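Here is the file target.cif (mmCIF, C-alpha atoms).
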```cif
data_model
loop_
_atom_site.label_atom_id
_atom_site.label_comp_id
_atom_site.auth_asym_id
_atom_site.auth_seq_id
_atom_site.Cartn_x
_atom_site.Cartn_y
_atom_site.Cartn_z
CA MET A 20 10.05 29.34 -0.34
CA PRO A 21 12.79 31.92 0.36
CA ILE A 22 12.35 34.56 3.07
CA LEU A 23 12.51 37.95 1.38
CA ALA A 24 12.58 41.56 2.56
CA GLU A 25 8.84 41.71 1.92
CA HIS A 26 8.32 39.18 4.71
CA VAL A 27 9.84 41.54 7.29
CA LEU A 28 7.11 43.25 9.32
CA PHE A 29 9.31 44.96 11.93
CA ILE A 30 13.04 45.56 12.24
CA ASP A 31 15.39 47.65 14.36
CA ALA A 32 18.83 47.11 15.89
CA GLU A 33 17.51 44.67 18.49
CA ALA A 34 14.84 42.52 16.90
CA MET A 35 12.91 41.54 13.82
CA ILE A 36 9.43 40.15 13.21
CA ILE A 37 8.82 38.25 9.99
CA ASP A 38 5.65 36.94 8.39
CA LYS A 39 6.51 33.24 8.22
CA PRO A 40 4.83 31.45 5.31
CA ALA A 41 2.72 28.38 6.01
CA GLY A 42 4.56 25.17 5.16
CA LEU A 43 7.98 26.47 6.20
CA PRO A 44 9.42 24.73 9.29
CA VAL A 45 11.11 27.03 11.79
CA THR A 46 13.91 24.57 12.54
CA SER A 47 15.36 21.60 10.65
CA VAL A 48 13.07 18.60 10.14
CA ARG A 49 13.64 14.91 9.52
CA ASP A 50 12.31 14.91 5.97
CA GLY A 51 15.15 17.19 4.89
CA SER A 52 12.94 20.12 3.89
CA LEU A 53 14.41 23.60 4.01
CA SER A 54 13.57 25.51 7.17
CA LEU A 55 13.81 29.11 8.34
CA GLU A 56 17.27 28.28 9.68
CA ASN A 57 18.44 27.94 6.05
CA TYR A 58 17.52 31.57 5.36
CA LEU A 59 18.94 33.32 8.44
CA ALA A 60 22.03 34.46 6.52
CA SER A 61 19.77 36.45 4.18
CA LEU A 62 18.16 38.27 7.13
CA CYS A 63 21.25 40.09 8.43
CA PHE A 64 20.38 43.45 6.80
CA GLY A 65 23.79 45.01 7.36
CA PHE A 66 24.73 43.10 10.51
CA LYS A 67 27.53 40.53 10.40
CA ARG A 68 25.78 38.32 12.95
CA TRP A 69 22.85 36.17 11.83
CA PRO A 70 19.56 36.77 13.69
CA SER A 71 18.44 34.03 16.07
CA ILE A 72 15.01 32.46 16.46
CA VAL A 73 13.31 33.33 19.75
CA HIS A 74 10.21 31.09 19.66
CA ARG A 75 8.45 28.57 17.43
CA LEU A 76 5.45 28.33 15.16
CA ASP A 77 4.12 25.06 13.79
CA ARG A 78 5.20 24.27 10.25
CA ASP A 79 1.68 24.88 8.88
CA THR A 80 1.08 28.06 10.89
CA SER A 81 1.79 31.37 9.18
CA GLY A 82 2.39 34.82 10.63
CA CYS A 83 4.41 36.74 13.18
CA LEU A 84 7.69 35.12 14.22
CA LEU A 85 10.23 36.95 16.39
CA LEU A 86 13.98 36.97 15.79
CA ALA A 87 16.67 38.58 17.96
CA ARG A 88 19.55 40.45 16.35
CA ASN A 89 22.11 39.90 19.12
CA PRO A 90 22.65 37.34 21.92
CA LYS A 91 21.81 39.78 24.73
CA MET A 92 18.45 40.57 23.19
CA HIS A 93 17.79 36.90 22.54
CA ARG A 94 18.10 36.24 26.28
CA ARG A 95 15.78 39.13 27.12
CA LEU A 96 13.14 38.16 24.59
CA SER A 97 13.26 34.47 25.56
CA GLU A 98 12.73 35.51 29.17
CA ALA A 99 9.77 37.67 28.15
CA PHE A 100 8.17 34.62 26.53
CA SER A 101 8.85 32.39 29.53
CA GLN A 102 7.33 34.98 31.90
CA GLY A 103 4.22 35.54 29.80
CA GLN A 104 5.09 39.13 28.91
CA VAL A 105 4.37 38.79 25.20
CA LYS A 106 1.00 39.77 23.75
CA LYS A 107 0.06 37.30 21.01
CA CYS A 108 -3.06 37.03 18.91
CA TYR A 109 -3.77 34.21 16.46
CA TRP A 110 -6.56 34.02 13.92
CA ALA A 111 -8.06 30.66 13.00
CA ILE A 112 -10.91 29.38 10.89
CA LEU A 113 -12.93 26.76 12.76
CA GLU A 114 -15.08 23.90 11.48
CA GLY A 115 -18.27 25.40 12.85
CA VAL A 116 -19.47 28.32 14.94
CA PRO A 117 -19.15 28.41 18.76
CA GLU A 118 -22.39 28.85 20.72
CA LYS A 119 -21.04 31.95 22.49
CA ASN A 120 -19.30 34.96 20.98
CA GLU A 121 -16.31 34.85 23.32
CA GLY A 122 -14.89 33.01 26.30
CA ILE A 123 -11.89 31.52 28.09
CA ILE A 124 -10.62 27.96 27.70
CA ASP A 125 -8.78 26.71 30.80
CA LEU A 126 -7.80 23.18 29.87
CA PRO A 127 -4.54 21.47 30.95
CA LEU A 128 -2.58 19.71 28.22
CA LEU A 129 -0.50 16.54 28.31
CA LYS A 130 1.87 15.08 25.72
CA ILE A 131 1.34 11.38 25.04
CA SER A 132 3.07 9.02 22.63
CA SER A 133 2.93 5.47 21.32
CA PRO A 134 5.13 3.47 18.92
CA LYS A 135 2.22 3.15 16.48
CA SER A 136 0.74 6.65 16.48
CA GLY A 137 3.68 8.80 17.54
CA TRP A 138 3.10 11.76 19.83
CA ARG A 139 0.19 14.12 20.23
CA ILE A 140 -1.24 16.54 22.78
CA VAL A 141 -4.42 15.75 24.71
CA ALA A 142 -6.52 17.50 27.32
CA ASP A 143 -5.74 15.88 30.65
CA ASP A 144 -5.94 17.05 34.27
CA LYS A 145 -2.46 15.62 34.78
CA GLY A 146 -1.03 17.97 32.16
CA LYS A 147 0.32 21.51 32.30
CA ARG A 148 -2.02 24.46 32.77
CA ALA A 149 -3.07 26.07 29.48
CA VAL A 150 -5.33 29.11 29.14
CA THR A 151 -6.67 30.72 25.97
CA HIS A 152 -9.00 33.70 25.51
CA TRP A 153 -11.10 33.65 22.34
CA GLU A 154 -13.69 35.66 20.44
CA ILE A 155 -15.55 35.30 17.15
CA LEU A 156 -14.50 37.80 14.48
CA ALA A 157 -16.66 36.65 11.57
CA LYS A 158 -18.92 33.85 10.34
CA ASN A 159 -19.30 32.42 6.84
CA LYS A 160 -20.97 29.31 5.45
CA GLY A 161 -21.01 27.39 8.71
CA ARG A 162 -17.45 28.29 9.66
CA SER A 163 -16.08 30.99 11.93
CA LEU A 164 -13.01 33.19 12.08
CA VAL A 165 -11.87 33.28 15.71
CA ALA A 166 -9.21 35.30 17.49
CA PHE A 167 -7.20 33.33 20.07
CA ARG A 168 -5.13 35.13 22.72
CA PRO A 169 -3.13 32.54 24.66
CA GLU A 170 -1.97 33.27 28.22
CA THR A 171 0.30 30.23 28.15
CA GLY A 172 2.45 28.83 25.35
CA ARG A 173 2.00 25.06 25.34
CA THR A 174 2.72 22.91 22.30
CA HIS A 175 -0.36 22.68 20.03
CA GLN A 176 -2.31 24.66 22.64
CA LEU A 177 -4.64 26.48 20.25
CA ARG A 178 -5.20 23.44 18.08
CA VAL A 179 -6.27 21.25 21.02
CA HIS A 180 -8.21 24.04 22.74
CA ALA A 181 -10.16 24.54 19.52
CA ALA A 182 -10.78 20.84 18.88
CA THR A 183 -11.44 19.78 22.48
CA GLY A 184 -12.21 22.97 24.41
CA LEU A 185 -14.64 24.35 21.83
CA GLY A 186 -15.38 21.07 20.06
CA LEU A 187 -14.56 22.78 16.75
CA PRO A 188 -11.17 21.91 15.22
CA ILE A 189 -9.20 24.30 13.06
CA VAL A 190 -9.91 23.84 9.36
CA GLY A 191 -7.16 21.79 7.72
CA ASP A 192 -5.61 20.55 10.96
CA PRO A 193 -4.04 17.19 10.02
CA PHE A 194 -3.82 15.89 13.61
CA TYR A 195 -6.86 17.19 15.46
CA GLY A 196 -9.26 17.87 12.58
CA ARG A 197 -12.38 15.90 11.76
CA HIS A 198 -11.73 15.28 8.08
CA GLN A 199 -9.55 16.51 5.29
CA ASP A 200 -11.07 18.60 2.51
CA GLU A 201 -9.11 18.28 -0.73
CA ASN A 202 -9.86 21.95 -1.43
CA ILE A 203 -8.08 23.06 1.76
CA SER A 204 -4.40 23.64 1.06
CA ARG A 205 -3.18 24.29 4.62
CA MET A 206 -4.10 24.51 8.28
CA MET A 207 -6.02 27.75 8.85
CA LEU A 208 -4.03 29.08 11.81
CA HIS A 209 -2.27 32.44 11.52
CA ALA A 210 -0.16 34.35 14.06
CA HIS A 211 -1.85 37.69 13.45
CA SER A 212 0.01 39.94 15.89
CA LEU A 213 2.82 40.03 18.42
CA GLU A 214 3.91 42.76 20.85
CA ILE A 215 6.63 43.03 23.51
CA ALA A 216 6.99 46.18 25.62
CA ARG A 217 10.39 47.84 26.11
CA LEU A 218 11.30 50.28 28.89
CA GLU A 219 13.04 53.02 26.93
CA LYS A 220 11.88 52.30 23.37
CA ASN A 221 8.69 51.73 21.47
CA PRO A 222 7.36 48.18 21.69
CA ILE A 223 8.53 45.45 19.35
CA ALA A 224 5.25 44.92 17.54
CA ALA A 225 3.75 43.88 14.22
CA GLU A 226 0.62 42.54 12.54
CA ALA A 227 0.77 39.99 9.73
CA PRO A 228 -1.80 40.43 6.94
CA LEU A 229 -4.45 37.77 6.52
CA PRO A 230 -3.22 35.09 4.08
CA LYS A 231 -4.93 34.51 0.74
CA ALA A 232 -5.99 31.04 1.89
CA PHE A 233 -8.22 32.73 4.51
CA THR A 234 -9.77 35.20 2.09
CA ASP A 235 -10.39 32.37 -0.37
CA LEU A 236 -12.71 30.86 2.26
CA GLY A 237 -14.68 34.08 2.53
CA PHE A 238 -12.88 35.80 5.37
#
```
Rewrite the structure of this file - the entire thing - as structure tokens.
Amino acid sequence: MPILAEHVLFIDAEAMIIDKPAGLPVTSVRDGSLSLENYLASLCFGFKRWPSIVHRLDRDTSGCLLLARNPKMHRRLSEAFSQGQVKKCYWAILEGVPEKNEGIIDLPLLKISSPKSGWRIVADDKGKRAVTHWEILAKNKGRSLVAFRPETGRTHQLRVHAATGLGLPIVGDPFYGRHQDENISRMMLHAHSLEIARLEKNPIAAEAPLPKAFTDLGF
């Protein structure tokens, strides 16, 4: 699953946004699979320095992923993420249709773990604050395509907010889903767009096209 020029959605001297394929880990994983880190050398595009990864997407999530093209910009972009200055929109197909057309999920999240089950994220008042805005984009055969705009960036935030906050897990979610459909090849979560404002330049911004797996389900 090499990262090719066709995966690049935005590029200038400071940053790059790629359309990460589903199934590709961002960083190295225990099972020895190739990750995005293995392809950074092919994303130099005339620069001697490799680009660096600014944030993370889950292995099974596709879409907009931001890379910095120099250390100074990496610090600036990382700070923008930590201060909530990045506009992000994710599209997801849910197992069902919410009762309302839009809303806000304000549900704190806590990481728990056990020797038997490993770790997972749960909704818990003792956890960190997590806020997600959402709206229905389309409906088809008892499922819905929903846009999520997170204010915060907690681990598995959208997956738990969908499953627990809305009571409708993301189709194909192996951890928080209700059941696994053999006809579903991946988790239906896609980082649709990303935008970061800059003072003296146009924003760093891109939209990733809807994957074929989504259109195969009628969206």
- request: Would you list the residues near (-8.8, 22.9, 5.6) (no more than 8 Å away, in the coordinates of the file, using all atoms listed in the file) as a PyMOL selection string?
  value: chain A and resi 189-192+199-207
Restrict the calculation to all atoms listed in the file, then for each residue of stretch 52-160 of chain A with any atom at most 9 Å from an atom of stretch 209-221 of chain A give the closest atom pair and their distance in Å to one decimal, rows by chain and rising residue number, as CSV.
```
residue,atom,partner,partner_atom,distance
A:Leu76,CA,A:Ala210,CA,8.3
A:Asp79,CA,A:His209,CA,8.9
A:Thr80,CA,A:His209,CA,5.6
A:Ser81,CA,A:His209,CA,4.8
A:Gly82,CA,A:Ala210,CA,4.3
A:Cys83,CA,A:Ala210,CA,5.2
A:Leu84,CA,A:Ala210,CA,7.9
A:Leu85,CA,A:Leu213,CA,8.3
A:Leu96,CA,A:Ile215,CA,8.2
A:Ala99,CA,A:Ile215,CA,7.8
A:Gln104,CA,A:Ile215,CA,6.8
A:Val105,CA,A:Ile215,CA,5.1
A:Lys106,CA,A:Glu214,CA,5.1
A:Lys107,CA,A:Leu213,CA,4.7
A:Cys108,CA,A:Ser212,CA,5.2
A:Tyr109,CA,A:Ala210,CA,4.3
A:Trp110,CA,A:His209,CA,5.2
A:Ala111,CA,A:His209,CA,6.2
```
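Using the PyMOL selection byres ((chain A and resi 142) around 6) on this structure selects Pro127, Leu128, Val141 and Asp143 of chain A.
When all atoms listed in the file are used to measure the gap to A:Ile223, the shortest distance among A:Met92, A:Phe64, A:Ile112, A:Leu164 belongs to A:Met92.
Take atom CA of A:Val179 and atom CA of A:Glu56: the distance between them is 27.1 Å.
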message: With distances taken over all atoms listed in the file, which residue among A:Phe100, A:Arg95, A:Val45, A:Leu185 lies nearest A:Lys119?
response: A:Leu185
Which residues are close to A:Arg78, i.e. within 6 Å by all atoms listed in the file, leaving aside same-chain residues fewer than 2 positions away? Reply as an mmCIF file with C-alpha atoms, keeping the file's coordinate frame.
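So part.cif came out as:
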```
data_model
loop_
_atom_site.group_PDB
_atom_site.id
_atom_site.type_symbol
_atom_site.label_atom_id
_atom_site.label_comp_id
_atom_site.auth_asym_id
_atom_site.auth_seq_id
_atom_site.Cartn_x
_atom_site.Cartn_y
_atom_site.Cartn_z
ATOM 1 C CA GLY A 42 4.560 25.170 5.160
ATOM 2 C CA LEU A 43 7.980 26.470 6.200
ATOM 3 C CA PRO A 44 9.420 24.730 9.290
ATOM 4 C CA THR A 80 1.080 28.060 10.890
#
```
- prompt: Could you pull the residues within 12 Å of A:Val116, counting all atoms listed in the file, minus those fewer than 4 positions along the same chain, as a PyMOL selection string?
  reply: chain A and resi 111-112+120-121+154-165+181+185-190
field: A:Ile36 environment, 8 Å, all atoms listed in the file, sequence neighbours closer than 2 positions dropped, as a PyMOL selection string
entry: chain A and resi 27-30+34+38+83-86+224-225
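Note that atom CA of A:Lys147 and atom CA of A:Ser133 are 19.6 Å apart.
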Kindly complete stretch 99-118 of chain A to N, CA and C atoms; the output should be written as a PDB file, in the frame of the given file.
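Saved as part15.pdb:
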```pdb
ATOM      1  N   ALA A  99      11.102  37.072  28.261  1.00  0.00           N
ATOM      2  CA  ALA A  99       9.770  37.670  28.150  1.00  0.00           C
ATOM      3  C   ALA A  99       8.730  36.614  27.777  1.00  0.00           C
ATOM      4  N   PHE A 100       9.081  35.701  26.893  1.00  0.00           N
ATOM      5  CA  PHE A 100       8.170  34.620  26.530  1.00  0.00           C
ATOM      6  C   PHE A 100       7.920  33.700  27.722  1.00  0.00           C
ATOM      7  N   SER A 101       8.983  33.325  28.419  1.00  0.00           N
ATOM      8  CA  SER A 101       8.850  32.390  29.530  1.00  0.00           C
ATOM      9  C   SER A 101       8.040  32.989  30.686  1.00  0.00           C
ATOM     10  N   GLN A 102       8.063  34.316  30.820  1.00  0.00           N
ATOM     11  CA  GLN A 102       7.330  34.980  31.900  1.00  0.00           C
ATOM     12  C   GLN A 102       5.956  35.487  31.458  1.00  0.00           C
ATOM     13  N   GLY A 103       5.542  35.152  30.264  1.00  0.00           N
ATOM     14  CA  GLY A 103       4.220  35.540  29.800  1.00  0.00           C
ATOM     15  C   GLY A 103       4.054  37.025  29.536  1.00  0.00           C
ATOM     16  N   GLN A 104       5.130  37.688  29.135  1.00  0.00           N
ATOM     17  CA  GLN A 104       5.090  39.130  28.910  1.00  0.00           C
ATOM     18  C   GLN A 104       4.882  39.510  27.447  1.00  0.00           C
ATOM     19  N   VAL A 105       4.555  38.545  26.627  1.00  0.00           N
ATOM     20  CA  VAL A 105       4.370  38.790  25.200  1.00  0.00           C
ATOM     21  C   VAL A 105       2.881  38.718  24.865  1.00  0.00           C
ATOM     22  N   LYS A 106       2.386  39.764  24.206  1.00  0.00           N
ATOM     23  CA  LYS A 106       1.000  39.770  23.750  1.00  0.00           C
ATOM     24  C   LYS A 106       0.934  39.114  22.372  1.00  0.00           C
ATOM     25  N   LYS A 107       0.177  38.035  22.279  1.00  0.00           N
ATOM     26  CA  LYS A 107       0.060  37.300  21.010  1.00  0.00           C
ATOM     27  C   LYS A 107      -1.409  37.128  20.659  1.00  0.00           C
ATOM     28  N   CYS A 108      -1.707  37.283  19.396  1.00  0.00           N
ATOM     29  CA  CYS A 108      -3.060  37.030  18.910  1.00  0.00           C
ATOM     30  C   CYS A 108      -2.977  36.189  17.640  1.00  0.00           C
ATOM     31  N   TYR A 109      -3.700  35.088  17.624  1.00  0.00           N
ATOM     32  CA  TYR A 109      -3.770  34.210  16.460  1.00  0.00           C
ATOM     33  C   TYR A 109      -5.186  34.249  15.891  1.00  0.00           C
ATOM     34  N   TRP A 110      -5.264  34.153  14.574  1.00  0.00           N
ATOM     35  CA  TRP A 110      -6.560  34.020  13.920  1.00  0.00           C
ATOM     36  C   TRP A 110      -6.661  32.614  13.348  1.00  0.00           C
ATOM     37  N   ALA A 111      -7.846  32.020  13.502  1.00  0.00           N
ATOM     38  CA  ALA A 111      -8.060  30.660  13.000  1.00  0.00           C
ATOM     39  C   ALA A 111      -9.461  30.543  12.436  1.00  0.00           C
ATOM     40  N   ILE A 112      -9.590  29.718  11.413  1.00  0.00           N
ATOM     41  CA  ILE A 112     -10.910  29.380  10.890  1.00  0.00           C
ATOM     42  C   ILE A 112     -11.296  28.031  11.468  1.00  0.00           C
ATOM     43  N   LEU A 113     -12.473  27.982  12.096  1.00  0.00           N
ATOM     44  CA  LEU A 113     -12.930  26.760  12.760  1.00  0.00           C
ATOM     45  C   LEU A 113     -14.006  26.048  11.948  1.00  0.00           C
ATOM     46  N   GLU A 114     -14.057  24.728  12.124  1.00  0.00           N
ATOM     47  CA  GLU A 114     -15.080  23.900  11.480  1.00  0.00           C
ATOM     48  C   GLU A 114     -16.384  24.010  12.263  1.00  0.00           C
ATOM     49  N   GLY A 115     -17.028  25.151  12.131  1.00  0.00           N
ATOM     50  CA  GLY A 115     -18.270  25.400  12.850  1.00  0.00           C
ATOM     51  C   GLY A 115     -18.244  26.743  13.537  1.00  0.00           C
ATOM     52  N   VAL A 116     -19.328  27.042  14.257  1.00  0.00           N
ATOM     53  CA  VAL A 116     -19.470  28.320  14.940  1.00  0.00           C
ATOM     54  C   VAL A 116     -19.727  28.065  16.427  1.00  0.00           C
ATOM     55  N   PRO A 117     -18.908  28.598  17.329  1.00  0.00           N
ATOM     56  CA  PRO A 117     -19.150  28.410  18.760  1.00  0.00           C
ATOM     57  C   PRO A 117     -20.514  28.966  19.173  1.00  0.00           C
ATOM     58  N   GLU A 118     -21.079  28.411  20.244  1.00  0.00           N
ATOM     59  CA  GLU A 118     -22.390  28.850  20.720  1.00  0.00           C
ATOM     60  C   GLU A 118     -22.331  30.262  21.298  1.00  0.00           C
TER      61      GLU A 118
END
```
